[in-house]
file query-v1.tsv (TSV, C-alpha atoms)
chain	number	residue	atom	x	y	z
A	1	MET	CA	25.87	5.99	-9.59
A	2	ASN	CA	24.03	3.21	-11.43
A	3	LEU	CA	20.25	3.06	-11.64
A	4	GLU	CA	19.84	0.47	-8.88
A	5	ALA	CA	21.93	2.48	-6.43
A	6	PHE	CA	20.13	5.70	-7.39
A	7	CYS	CA	16.69	4.19	-6.75
A	8	GLN	CA	17.88	2.80	-3.43
A	9	SER	CA	19.26	6.20	-2.37
A	10	LEU	CA	16.24	8.21	-3.52
A	11	PRO	CA	13.98	9.28	-0.60
A	12	LYS	CA	10.65	7.63	-1.40
A	13	LEU	CA	7.03	7.54	-0.26
A	14	GLU	CA	5.06	4.29	-0.06
A	15	LEU	CA	1.32	4.93	-0.26
A	16	HIS	CA	-0.03	1.44	-0.97
A	17	ALA	CA	1.35	-1.30	1.29
A	18	HIS	CA	-0.75	-4.01	2.92
A	19	LEU	CA	0.80	-5.00	6.24
A	20	ASN	CA	0.35	-8.77	6.01
A	21	GLY	CA	1.40	-8.85	2.37
A	22	SER	CA	4.52	-6.85	3.19
A	23	LEU	CA	5.96	-9.39	5.62
A	24	SER	CA	9.36	-10.51	4.40
A	25	THR	CA	10.58	-14.10	4.63
A	26	ASN	CA	12.81	-13.08	7.54
A	27	THR	CA	9.85	-11.61	9.41
A	28	LEU	CA	7.73	-14.69	8.75
A	29	LYS	CA	10.49	-16.87	10.18
A	30	LYS	CA	10.69	-14.72	13.32
A	31	LEU	CA	6.92	-14.93	13.78
A	32	TYR	CA	7.00	-18.71	13.29
A	33	LYS	CA	9.73	-19.05	15.93
A	34	MET	CA	7.65	-16.93	18.33
A	35	GLN	CA	4.83	-19.46	18.07
A	36	ASN	CA	7.00	-22.57	17.71
A	37	PRO	CA	10.21	-21.96	19.70
A	38	ASN	CA	11.32	-25.60	19.56
A	39	SER	CA	10.70	-26.15	15.84
A	40	GLU	CA	13.23	-25.90	13.03
A	41	ASP	CA	10.55	-25.77	10.30
A	42	CYS	CA	10.79	-21.98	10.03
A	43	GLU	CA	13.30	-22.36	7.19
A	44	ASN	CA	10.44	-23.50	4.95
A	45	ILE	CA	8.23	-20.48	5.67
A	46	THR	CA	7.76	-18.11	2.72
A	47	MET	CA	5.10	-16.39	0.65
A	48	ASN	CA	5.42	-16.88	-3.09
A	49	VAL	CA	2.99	-16.29	-5.95
A	50	ASP	CA	5.22	-17.38	-8.81
A	51	CYS	CA	3.26	-20.60	-9.31
A	52	PHE	CA	-0.12	-18.88	-9.36
A	53	SER	CA	-1.95	-18.06	-12.56
A	54	SER	CA	-4.66	-15.57	-11.57
A	55	LEU	CA	-5.55	-12.73	-9.21
A	56	GLY	CA	-7.84	-15.05	-7.27
A	57	GLU	CA	-5.03	-17.49	-6.56
A	58	CYS	CA	-2.76	-14.67	-5.37
A	59	PHE	CA	-5.15	-13.98	-2.49
A	60	LYS	CA	-4.60	-17.51	-1.13
A	61	VAL	CA	-1.03	-16.76	-0.14
A	62	PHE	CA	-2.18	-14.33	2.58
A	63	ASP	CA	-3.33	-17.30	4.66
A	64	ILE	CA	0.33	-17.83	5.58
A	65	ALA	CA	0.74	-14.35	7.07
A	66	HIS	CA	-2.66	-14.54	8.77
A	67	SER	CA	-1.75	-17.82	10.45
A	68	LEU	CA	1.32	-16.19	12.01
A	69	THR	CA	-0.27	-12.92	13.20
A	70	VAL	CA	-2.82	-14.24	15.66
A	71	THR	CA	-1.65	-12.47	18.85
A	72	PRO	CA	-1.03	-8.82	19.75
A	73	GLU	CA	2.68	-9.61	20.17
A	74	ALA	CA	2.89	-11.06	16.65
A	75	VAL	CA	1.06	-8.07	15.15
A	76	PHE	CA	3.42	-5.71	16.97
A	77	GLN	CA	6.48	-7.61	15.75
A	78	SER	CA	5.28	-7.85	12.15
A	79	THR	CA	4.54	-4.12	12.04
A	80	TYR	CA	7.86	-3.14	13.64
A	81	GLU	CA	9.92	-5.33	11.30
A	82	THR	CA	8.05	-4.12	8.21
A	83	ILE	CA	8.59	-0.46	9.07
A	84	LYS	CA	12.30	-1.12	9.67
A	85	GLU	CA	12.64	-2.78	6.26
A	86	PHE	CA	11.00	0.13	4.48
A	87	LYS	CA	13.22	2.54	6.40
A	88	ASP	CA	16.31	0.57	5.36
A	89	GLU	CA	15.60	1.29	1.68
A	90	ASN	CA	15.16	5.04	2.24
A	91	VAL	CA	11.38	5.17	2.42
A	92	ILE	CA	10.77	8.39	4.34
A	93	TYR	CA	6.97	8.13	4.52
A	94	LEU	CA	4.92	4.95	4.79
A	95	GLU	CA	1.19	4.36	4.79
A	96	LEU	CA	0.46	0.83	5.95
A	97	ARG	CA	-3.03	-0.60	5.57
A	98	SER	CA	-4.52	-3.56	7.37
A	99	THR	CA	-7.88	-5.17	8.17
A	100	PRO	CA	-8.50	-5.46	11.94
A	101	ARG	CA	-8.81	-9.10	12.91
A	102	ALA	CA	-10.20	-10.89	15.93
A	103	VAL	CA	-8.88	-14.35	16.88
A	104	ASP	CA	-10.95	-16.26	19.41
A	105	GLY	CA	-9.23	-16.41	22.76
A	106	LYS	CA	-6.12	-14.62	21.52
A	107	MET	CA	-6.88	-11.15	20.18
A	108	THR	CA	-9.71	-8.65	19.68
A	109	LYS	CA	-9.95	-6.20	16.79
A	110	GLN	CA	-9.17	-3.41	19.24
A	111	GLU	CA	-6.01	-5.21	20.38
A	112	TYR	CA	-5.02	-5.72	16.75
A	113	VAL	CA	-5.19	-1.98	16.03
A	114	GLU	CA	-3.55	-1.04	19.32
A	115	SER	CA	-0.64	-3.39	18.61
A	116	ILE	CA	0.00	-1.60	15.32
A	117	ILE	CA	-0.13	1.76	17.10
A	118	ARG	CA	2.37	0.53	19.71
A	119	ALA	CA	4.71	-0.54	16.92
A	120	PHE	CA	4.34	2.90	15.32
A	121	GLN	CA	5.26	4.54	18.62
A	122	SER	CA	8.32	2.31	19.06
A	123	CYS	CA	9.47	2.97	15.51
A	124	GLU	CA	8.97	6.69	15.98
A	125	ALA	CA	11.61	6.53	18.71
A	126	ASP	CA	13.90	4.00	17.02
A	127	PHE	CA	13.64	5.14	13.38
A	128	PRO	CA	12.97	8.90	13.30
A	129	SER	CA	13.84	9.09	9.59
A	130	ILE	CA	10.55	7.45	8.55
A	131	LEU	CA	7.04	8.81	9.15
A	132	VAL	CA	4.32	6.13	9.36
A	133	LYS	CA	0.53	6.26	9.09
A	134	LEU	CA	-2.24	3.63	9.18
A	135	LEU	CA	-5.20	3.07	6.91
A	136	ILE	CA	-7.75	0.67	8.40
A	137	SER	CA	-9.00	-1.68	5.69
A	138	ILE	CA	-12.37	-3.18	4.99
A	139	ASN	CA	-12.28	-6.47	3.12
A	140	ARG	CA	-15.05	-6.86	0.55
A	141	LYS	CA	-15.14	-10.60	1.08
A	142	GLN	CA	-15.92	-10.34	4.81
A	143	GLY	CA	-19.33	-8.78	4.18
A	144	TYR	CA	-21.39	-5.82	5.34
A	145	ILE	CA	-21.34	-6.44	9.10
A	146	ALA	CA	-17.54	-6.72	9.26
A	147	ALA	CA	-17.18	-3.65	7.05
A	148	LYS	CA	-19.47	-1.65	9.33
A	149	GLU	CA	-17.51	-2.79	12.41
A	150	ASN	CA	-14.17	-1.84	10.91
A	151	ILE	CA	-15.37	1.56	9.75
A	152	GLN	CA	-16.72	2.30	13.23
A	153	LEU	CA	-13.41	1.14	14.67
A	154	ALA	CA	-11.53	3.42	12.26
A	155	ILE	CA	-13.64	6.42	13.28
A	156	GLU	CA	-13.13	5.72	17.00
A	157	TYR	CA	-9.37	5.30	16.72
A	158	PHE	CA	-9.06	8.27	14.37
A	159	LYS	CA	-10.41	10.42	17.20
A	160	LYS	CA	-7.84	8.98	19.64
A	161	TYR	CA	-4.81	8.64	17.35
A	162	SER	CA	-5.26	11.10	14.48
A	163	HIS	CA	-1.46	11.42	14.29
A	164	TYR	CA	-1.28	7.78	13.18
A	165	ILE	CA	-4.67	6.76	11.78
A	166	VAL	CA	-5.47	8.84	8.73
A	167	GLY	CA	-7.71	6.88	6.41
A	168	LEU	CA	-9.74	3.94	5.31
A	169	ASP	CA	-8.89	1.42	2.61
A	170	LEU	CA	-11.40	-0.50	0.51
A	171	SER	CA	-9.64	-3.71	-0.48
A	172	GLY	CA	-9.96	-7.47	-0.67
A	173	ASP	CA	-10.84	-9.82	-3.49
A	174	PRO	CA	-12.65	-7.72	-6.16
A	175	MET	CA	-14.44	-10.86	-7.34
A	176	ALA	CA	-16.26	-11.12	-4.01
A	177	GLY	CA	-18.42	-8.69	-2.07
A	178	GLU	CA	-19.33	-5.10	-2.83
A	179	PRO	CA	-17.72	-1.65	-2.46
A	180	PHE	CA	-19.81	-0.53	0.57
A	181	LEU	CA	-19.88	3.04	-0.70
A	182	LYS	CA	-22.58	4.20	1.73
A	183	LEU	CA	-20.46	3.04	4.64
A	184	LEU	CA	-17.41	4.75	3.15
A	185	GLU	CA	-19.38	7.98	3.00
A	186	LYS	CA	-19.78	7.81	6.79
A	187	ALA	CA	-16.03	7.49	7.17
A	188	LYS	CA	-15.45	10.38	4.80
A	189	MET	CA	-17.83	12.57	6.79
A	190	ALA	CA	-15.87	11.73	9.95
A	191	GLY	CA	-12.71	13.18	8.38
A	192	LEU	CA	-10.95	10.00	7.27
A	193	LYS	CA	-9.26	9.92	3.88
A	194	ILE	CA	-10.47	7.18	1.54
A	195	SER	CA	-8.32	4.95	-0.67
A	196	ALA	CA	-10.26	2.50	-2.83
A	197	HIS	CA	-9.02	-0.41	-4.90
A	198	CYS	CA	-10.61	0.15	-8.29
A	199	ALA	CA	-10.94	-1.87	-11.50
A	200	GLU	CA	-8.51	-4.65	-10.64
A	201	ILE	CA	-10.82	-6.77	-12.79
A	202	SER	CA	-13.15	-5.72	-15.58
A	203	ASN	CA	-16.34	-4.38	-13.98
A	204	GLU	CA	-17.44	-1.13	-15.57
A	205	THR	CA	-20.44	-0.62	-13.29
A	206	GLU	CA	-18.44	-0.86	-10.07
A	207	ALA	CA	-15.55	1.19	-11.48
A	208	THR	CA	-18.02	3.92	-12.43
A	209	ASP	CA	-19.58	3.88	-8.96
A	210	ILE	CA	-16.18	4.19	-7.29
A	211	LEU	CA	-15.07	7.02	-9.58
A	212	GLU	CA	-18.33	8.88	-8.94
A	213	PHE	CA	-17.81	8.41	-5.19
A	214	LYS	CA	-14.54	10.36	-5.57
A	215	PRO	CA	-12.15	8.73	-3.09
A	216	ASN	CA	-9.00	10.64	-2.19
A	217	ARG	CA	-6.87	8.04	-4.00
A	218	LEU	CA	-7.44	4.99	-6.17
A	219	GLY	CA	-5.57	1.70	-6.15
A	220	HIS	CA	-4.46	-0.01	-9.37
A	221	CYS	CA	-7.14	1.09	-11.90
A	222	THR	CA	-5.94	-1.81	-14.03
A	223	CYS	CA	-9.01	-2.34	-16.21
A	224	ILE	CA	-9.74	1.31	-17.02
A	225	HIS	CA	-7.89	1.94	-20.28
A	226	PRO	CA	-9.54	0.43	-23.40
A	227	ASN	CA	-6.35	-1.55	-24.14
A	228	LEU	CA	-6.64	-3.24	-20.72
A	229	GLN	CA	-10.28	-4.42	-20.68
A	230	GLY	CA	-11.59	-0.94	-19.89
A	231	SER	CA	-13.21	1.62	-22.15
A	232	ASN	CA	-12.65	5.11	-23.49
A	233	ARG	CA	-15.54	6.29	-21.31
A	234	LEU	CA	-13.94	4.96	-18.13
A	235	PHE	CA	-10.49	6.24	-19.00
A	236	ASN	CA	-11.78	9.72	-19.78
A	237	MET	CA	-13.79	9.65	-16.57
A	238	LEU	CA	-10.66	8.81	-14.59
A	239	LEU	CA	-8.61	11.55	-16.26
A	240	ALA	CA	-11.35	14.10	-15.62
A	241	SER	CA	-11.51	13.12	-11.94
A	242	LYS	CA	-7.82	13.98	-11.30
A	243	ILE	CA	-7.87	11.38	-8.52
A	244	PRO	CA	-4.32	10.12	-7.86
A	245	VAL	CA	-3.72	6.45	-8.69
A	246	GLU	CA	-1.47	4.13	-6.68
A	247	LEU	CA	0.37	1.96	-9.23
A	248	CYS	CA	1.89	-1.38	-8.29
A	249	LEU	CA	3.83	-2.68	-11.28
A	250	THR	CA	5.11	-6.04	-10.05
A	251	SER	CA	1.88	-6.85	-8.23
A	252	ASN	CA	-0.18	-6.46	-11.39
A	253	VAL	CA	2.25	-8.44	-13.54
A	254	LYS	CA	2.59	-11.32	-11.06
A	255	CYS	CA	-1.18	-11.47	-10.48
A	256	LYS	CA	-1.65	-11.60	-14.27
A	257	THR	CA	-3.98	-8.59	-14.38
A	258	VAL	CA	-1.63	-7.05	-16.95
A	259	PRO	CA	0.40	-9.16	-19.39
A	260	SER	CA	3.73	-7.37	-18.94
A	261	TYR	CA	5.49	-4.35	-17.46
A	262	ALA	CA	5.54	-2.66	-20.86
A	263	SER	CA	1.75	-2.88	-21.18
A	264	HIS	CA	1.07	-1.67	-17.64
A	265	GLN	CA	-1.42	1.18	-17.13
A	266	PHE	CA	1.49	3.31	-15.89
A	267	LYS	CA	2.23	4.05	-19.54
A	268	TYR	CA	-1.19	5.54	-20.30
A	269	LEU	CA	-1.54	7.50	-17.07
A	270	TYR	CA	2.00	8.87	-17.18
A	271	GLU	CA	1.62	9.99	-20.79
A	272	ALA	CA	-1.69	11.68	-19.90
A	273	GLU	CA	0.07	13.45	-16.97
A	274	HIS	CA	-2.48	12.02	-14.55
A	275	PRO	CA	-1.52	12.06	-10.85
A	276	ILE	CA	0.23	8.78	-10.00
A	277	CYS	CA	2.54	7.27	-7.42
A	278	LEU	CA	4.56	4.07	-7.39
A	279	ALA	CA	3.94	1.47	-4.68
A	280	THR	CA	4.67	-2.14	-3.79
A	281	ASP	CA	1.21	-3.41	-2.75
A	282	ASP	CA	2.64	-6.51	-1.03
A	283	LYS	CA	6.43	-6.47	-1.05
A	284	GLY	CA	6.67	-9.78	0.81
A	285	VAL	CA	4.27	-11.66	-1.43
A	286	PHE	CA	5.72	-10.30	-4.66
A	287	HIS	CA	9.36	-10.27	-3.50
A	288	THR	CA	9.92	-6.66	-4.47
A	289	SER	CA	10.77	-3.32	-2.89
A	290	LEU	CA	9.83	0.27	-3.59
A	291	SER	CA	13.37	0.88	-4.86
A	292	ARG	CA	12.91	-2.01	-7.27
A	293	GLU	CA	9.57	-0.61	-8.49
A	294	TYR	CA	11.26	2.72	-9.29
A	295	GLU	CA	14.01	0.86	-11.11
A	296	ILE	CA	11.49	-1.14	-13.16
A	297	ALA	CA	9.55	2.01	-14.08
A	298	ALA	CA	12.74	3.77	-15.19
A	299	SER	CA	13.94	0.84	-17.29
A	300	THR	CA	10.56	0.03	-18.83
A	301	PHE	CA	9.35	3.54	-19.62
A	302	SER	CA	12.69	5.31	-20.23
A	303	LEU	CA	12.44	7.62	-17.24
A	304	SER	CA	15.39	9.82	-16.35
A	305	ARG	CA	16.70	10.20	-12.84
A	306	LYS	CA	15.04	13.60	-12.70
A	307	ASP	CA	11.75	11.95	-13.68
A	308	LEU	CA	12.13	9.56	-10.75
A	309	VAL	CA	12.78	12.43	-8.35
A	310	ASN	CA	9.67	14.17	-9.67
A	311	LEU	CA	7.63	10.99	-9.14
A	312	SER	CA	8.75	10.88	-5.53
A	313	MET	CA	8.09	14.60	-5.01
A	314	SER	CA	4.61	14.42	-6.52
A	315	SER	CA	3.78	11.53	-4.18
A	316	VAL	CA	4.12	14.00	-1.30
A	317	ARG	CA	1.06	15.86	-2.58
A	318	TYR	CA	-1.04	12.71	-2.48
A	319	ALA	CA	0.07	11.51	0.97
A	320	TYR	CA	-2.35	11.67	3.90
A	321	ALA	CA	0.11	13.74	5.88
A	322	THR	CA	-0.26	17.20	7.40
A	323	SER	CA	1.02	20.29	5.60
A	324	GLU	CA	3.89	20.55	8.06
A	325	GLU	CA	4.85	16.91	7.51
A	326	LYS	CA	4.70	17.36	3.75
A	327	ASN	CA	7.08	20.30	3.94
A	328	VAL	CA	9.61	18.15	5.79
A	329	LEU	CA	9.26	15.34	3.25
A	330	LEU	CA	9.68	17.71	0.32
A	331	SER	CA	12.78	19.20	1.93
A	332	LYS	CA	14.40	15.75	2.16
A	333	ILE	CA	13.75	14.99	-1.51
A	334	GLU	CA	14.88	18.43	-2.63
A	335	THR	CA	18.11	18.05	-0.68
A	336	PHE	CA	18.75	14.70	-2.34
A	337	SER	CA	18.03	16.21	-5.74
A	338	ARG	CA	20.52	19.03	-5.23
A	339	GLU	CA	23.23	16.79	-3.85
A	340	VAL	CA	22.86	13.87	-6.25
A	341	CYS	CA	20.92	14.79	-9.39
A	342	ASP	CA	22.66	18.09	-9.96
A	343	THR	CA	25.99	16.30	-9.72
A	344	ILE	CA	24.87	13.70	-12.25
A	345	ASN	CA	23.50	16.30	-14.62

call {"tool": "encode", "arguments": {"input": "query-v1.tsv", "output": "structure tokens"}}
result
Amino acid sequence: MNLEAFCQSLPKLELHAHLNGSLSTNTLKKLYKMQNPNSEDCENITMNVDCFSSLGECFKVFDIAHSLTVTPEAVFQSTYETIKEFKDENVIYLELRSTPRAVDGKMTKQEYVESIIRAFQSCEADFPSILVKLLISINRKQGYIAAKENIQLAIEYFKKYSHYIVGLDLSGDPMAGEPFLKLLEKAKMAGLKISAHCAEISNETEATDILEFKPNRLGHCTCIHPNLQGSNRLFNMLLASKIPVELCLTSNVKCKTVPSYASHQFKYLYEAEHPICLATDDKGVFHTSLSREYEIAASTFSLSRKDLVNLSMSSVRYAYATSEEKNVLLSKIETFSREVCDTIN
């Protein structure tokens, strides 16, 4: 079995996937046809960041997905299709994250969240091999009032749908807004897990504040190591925290926050044996898949197939799943390891 086939077959966990950024070209075309049934222009619909030269420009591409997810039906369809695509590449556990959005005359924030939940329920019946959870996001750029609304919404729906809604995600353009740590504390006290995008750009003060806040997981941590616009102080602080880091190789390379795969922070965190997991971030925007991210990690950092299995197994520990759910996930990966890896070795 070659590396590509192995990574495709490996049962995997995706812990950092933004819903709108995960929409594939096929899904975007379906959404366009829903809104424009008599138009043939859907063939030109795509999200592509290859022509962009900075992290800030990468955020512009999300306007395409946002323009096509303006009704509860579109949100349901986009969620359903995205889950199916992750399932098709042997992702056995998926945490989607999304910022609730109201569209005048078409959709409330409550309807946005409920549409995602309905899609989860449909996929639970149609695709029992994948377990799906939701992290409600707060977007730094939208400001304090929107963040407060979304956190309150997350707390309310967590009480009603704790099987599906498990956490809160601090995300959005790191060059705009603030981390809203006092609001996040309220969510933490309510029992929600916290994932926070951290150090996507060089900002030692904010990175320090987020590390001291101690979220359950961190996203990216790009500018932490001294070789990547961070500092020894920050890197040592991260290592001491033992907070798992969600690493998105292709996302960081295409957004130009790291110069290459070989120089990615994966190298430093893996060598330090810090808790990490591989993720896609926005598989639609960056035209990648979780299988592809495993393949890139193996090729770039000389990981064995057993190393890849161990990466997937360790991700189970960092998932916002119940103990019972984690046992099921571990069993699936262990079965794969016995049946495939032992044969290879």

call {"tool": "closest_residue", "arguments": {"input": "query-v1.tsv", "among": "A:Met1, A:Ile210, A:Leu23, A:Ile92", "to": "Thr288 in chain A", "atoms": "only C-alpha atoms"}}
result
A:Leu23

call {"tool": "atom_distance", "arguments": {"input": "query-v1.tsv", "atom1": "CA of Arg305 in chain A", "atom2": "CA of Asn2 in chain A"}}
result
10.2 Å

call {"tool": "residues_around", "arguments": {"input": "query-v1.tsv", "residues": "Phe76 in chain A", "least_positions_apart": "3", "cutoff": "7 Å", "atoms": "all atoms listed in the file", "output": "VMD selection string"}}
result
chain A and resid 72 to 73 79 to 80 115 to 116 118 to 119

call {"tool": "atom_distance", "arguments": {"input": "query-v1.tsv", "atom1": "CA of Leu247 in chain A", "atom2": "CA of Leu278 in chain A"}}
result
5.0 Å

call {"tool": "residues_around", "arguments": {"input": "query-v1.tsv", "residues": "Thr108 in chain A", "least_positions_apart": "5", "cutoff": "10 Å", "atoms": "only C-alpha atoms", "output": "PyMOL selection string"}}
result
chain A and resi 70-72+100-103+113-114

call {"tool": "closest_residue", "arguments": {"input": "query-v1.tsv", "among": "A:Ala147, A:Met313, A:Val166, A:Ala319", "to": "Thr335 in chain A", "atoms": "only C-alpha atoms"}}
result
A:Met313

call {"tool": "closest_residue", "arguments": {"input": "query-v1.tsv", "among": "A:His197, A:Lys306, A:Lys188, A:Lys267", "to": "Asn227 in chain A", "atoms": "all atoms listed in the file"}}
result
A:Lys267

call {"tool": "closest_residue", "arguments": {"input": "query-v1.tsv", "among": "A:Leu311, A:Leu290, A:Ala190, A:Ala65", "to": "Asp88 in chain A", "atoms": "only C-alpha atoms"}}
result
A:Leu290

call {"tool": "closest_residue", "arguments": {"input": "query-v1.tsv", "among": "A:Ile136, A:Ile130, A:Leu168, A:Leu96", "to": "Gln110 in chain A", "atoms": "only C-alpha atoms"}}
result
A:Ile136

call {"tool": "atom_distance", "arguments": {"input": "query-v1.tsv", "atom1": "CA of Ile194 in chain A", "atom2": "CA of Asn216 in chain A"}}
result
5.3 Å

call {"tool": "residues_around", "arguments": {"input": "query-v1.tsv", "residues": "Glu14 in chain A", "least_positions_apart": "5", "cutoff": "10 Å", "atoms": "all atoms listed in the file", "output": "JSON, numbers by chain"}}
result
{"A": [86, 91, 92, 93, 94, 95, 96, 132, 246, 277, 278, 279, 280, 281, 289, 290, 312, 315, 316, 319]}

call {"tool": "closest_residue", "arguments": {"input": "query-v1.tsv", "among": "A:Ser202, A:Asn36, A:Thr300, A:Thr99", "to": "Ser231 in chain A", "atoms": "only C-alpha atoms"}}
result
A:Ser202

call {"tool": "residues_around", "arguments": {"input": "query-v1.tsv", "residues": "Glu334 in chain A", "least_positions_apart": "4", "cutoff": "12 Å", "atoms": "all atoms listed in the file", "output": "JSON, numbers by chain"}}
result
{"A": [10, 11, 12, 306, 309, 310, 312, 313, 314, 316, 327, 328, 329, 330, 338, 339, 340, 341, 342]}

call {"tool": "residues_around", "arguments": {"input": "query-v1.tsv", "residues": "Ser251 in chain A", "least_positions_apart": "2", "cutoff": "10 Å", "atoms": "only C-alpha atoms", "output": "list in words"}}
result
Val49, Leu55, Cys58, His220, Leu247, Cys248, Leu249, Val253, Lys254, Cys255, Lys256, Thr257, Val258, Ala279, Thr280, Asp281, Asp282, Lys283, Val285, Phe286, His287, Thr288 and Glu293 of chain A

call {"tool": "build_atoms", "arguments": {"input": "query-v1.tsv", "residues": "range 155-162 of chain A", "atoms": "all heavy atoms", "output": "mmCIF file, in the frame of the given file"}}
result
data_model
loop_
_atom_site.group_PDB
_atom_site.id
_atom_site.type_symbol
_atom_site.label_atom_id
_atom_site.label_comp_id
_atom_site.auth_asym_id
_atom_site.auth_seq_id
_atom_site.Cartn_x
_atom_site.Cartn_y
_atom_site.Cartn_z
ATOM 1 N N ILE A 155 -13.189 5.101 12.819
ATOM 2 C CA ILE A 155 -13.640 6.420 13.280
ATOM 3 C C ILE A 155 -13.257 6.635 14.743
ATOM 4 O O ILE A 155 -12.772 7.709 15.122
ATOM 5 C CB ILE A 155 -15.164 6.560 13.080
ATOM 6 C CG1 ILE A 155 -15.493 6.591 11.578
ATOM 7 C CG2 ILE A 155 -15.689 7.823 13.761
ATOM 8 C CD1 ILE A 155 -16.976 6.519 11.261
ATOM 9 N N GLU A 156 -13.459 5.605 15.571
ATOM 10 C CA GLU A 156 -13.130 5.720 17.000
ATOM 11 C C GLU A 156 -11.638 5.946 17.207
ATOM 12 O O GLU A 156 -11.231 6.820 17.990
ATOM 13 C CB GLU A 156 -13.571 4.444 17.728
ATOM 14 C CG GLU A 156 -15.089 4.286 17.836
ATOM 15 C CD GLU A 156 -15.485 2.949 18.435
ATOM 16 O OE1 GLU A 156 -14.580 2.200 18.886
ATOM 17 O OE2 GLU A 156 -16.693 2.640 18.455
ATOM 18 N N TYR A 157 -10.810 5.174 16.526
ATOM 19 C CA TYR A 157 -9.370 5.300 16.720
ATOM 20 C C TYR A 157 -8.796 6.537 16.041
ATOM 21 O O TYR A 157 -7.750 7.058 16.454
ATOM 22 C CB TYR A 157 -8.656 4.025 16.266
ATOM 23 C CG TYR A 157 -8.670 2.957 17.334
ATOM 24 C CD1 TYR A 157 -9.694 2.031 17.390
ATOM 25 C CD2 TYR A 157 -7.678 2.910 18.303
ATOM 26 C CE1 TYR A 157 -9.728 1.056 18.391
ATOM 27 C CE2 TYR A 157 -7.691 1.947 19.300
ATOM 28 C CZ TYR A 157 -8.720 1.026 19.340
ATOM 29 O OH TYR A 157 -8.749 0.078 20.332
ATOM 30 N N PHE A 158 -9.462 7.014 15.001
ATOM 31 C CA PHE A 158 -9.060 8.270 14.370
ATOM 32 C C PHE A 158 -9.180 9.421 15.361
ATOM 33 O O PHE A 158 -8.331 10.317 15.406
ATOM 34 C CB PHE A 158 -9.933 8.513 13.143
ATOM 35 C CG PHE A 158 -9.740 9.849 12.475
ATOM 36 C CD1 PHE A 158 -8.509 10.224 11.969
ATOM 37 C CD2 PHE A 158 -10.801 10.740 12.364
ATOM 38 C CE1 PHE A 158 -8.333 11.462 11.347
ATOM 39 C CE2 PHE A 158 -10.634 11.972 11.750
ATOM 40 C CZ PHE A 158 -9.400 12.333 11.243
ATOM 41 N N LYS A 159 -10.214 9.377 16.190
ATOM 42 C CA LYS A 159 -10.410 10.420 17.200
ATOM 43 C C LYS A 159 -9.316 10.359 18.268
ATOM 44 O O LYS A 159 -8.899 11.387 18.806
ATOM 45 C CB LYS A 159 -11.785 10.266 17.854
ATOM 46 C CG LYS A 159 -12.961 10.547 16.914
ATOM 47 C CD LYS A 159 -14.290 10.263 17.596
ATOM 48 C CE LYS A 159 -15.456 10.491 16.650
ATOM 49 N NZ LYS A 159 -16.767 10.143 17.283
ATOM 50 N N LYS A 160 -8.844 9.150 18.575
ATOM 51 C CA LYS A 160 -7.840 8.980 19.640
ATOM 52 C C LYS A 160 -6.412 9.115 19.130
ATOM 53 O O LYS A 160 -5.520 9.585 19.846
ATOM 54 C CB LYS A 160 -8.018 7.600 20.284
ATOM 55 C CG LYS A 160 -9.288 7.465 21.096
ATOM 56 C CD LYS A 160 -9.624 6.014 21.415
ATOM 57 C CE LYS A 160 -8.535 5.284 22.161
ATOM 58 N NZ LYS A 160 -8.970 3.903 22.552
ATOM 59 N N TYR A 161 -6.174 8.698 17.887
ATOM 60 C CA TYR A 161 -4.810 8.640 17.350
ATOM 61 C C TYR A 161 -4.759 9.259 15.948
ATOM 62 O O TYR A 161 -4.269 8.631 15.015
ATOM 63 C CB TYR A 161 -4.331 7.195 17.275
ATOM 64 C CG TYR A 161 -4.234 6.483 18.600
ATOM 65 C CD1 TYR A 161 -5.184 5.530 18.964
ATOM 66 C CD2 TYR A 161 -3.190 6.746 19.480
ATOM 67 C CE1 TYR A 161 -5.089 4.856 20.172
ATOM 68 C CE2 TYR A 161 -3.097 6.087 20.692
ATOM 69 C CZ TYR A 161 -4.055 5.141 21.037
ATOM 70 O OH TYR A 161 -3.959 4.481 22.232
ATOM 71 N N SER A 162 -5.222 10.470 15.812
ATOM 72 C CA SER A 162 -5.260 11.100 14.480
ATOM 73 C C SER A 162 -3.861 11.309 13.913
ATOM 74 O O SER A 162 -3.701 11.483 12.698
ATOM 75 C CB SER A 162 -6.005 12.435 14.535
ATOM 76 O OG SER A 162 -5.379 13.324 15.443
#
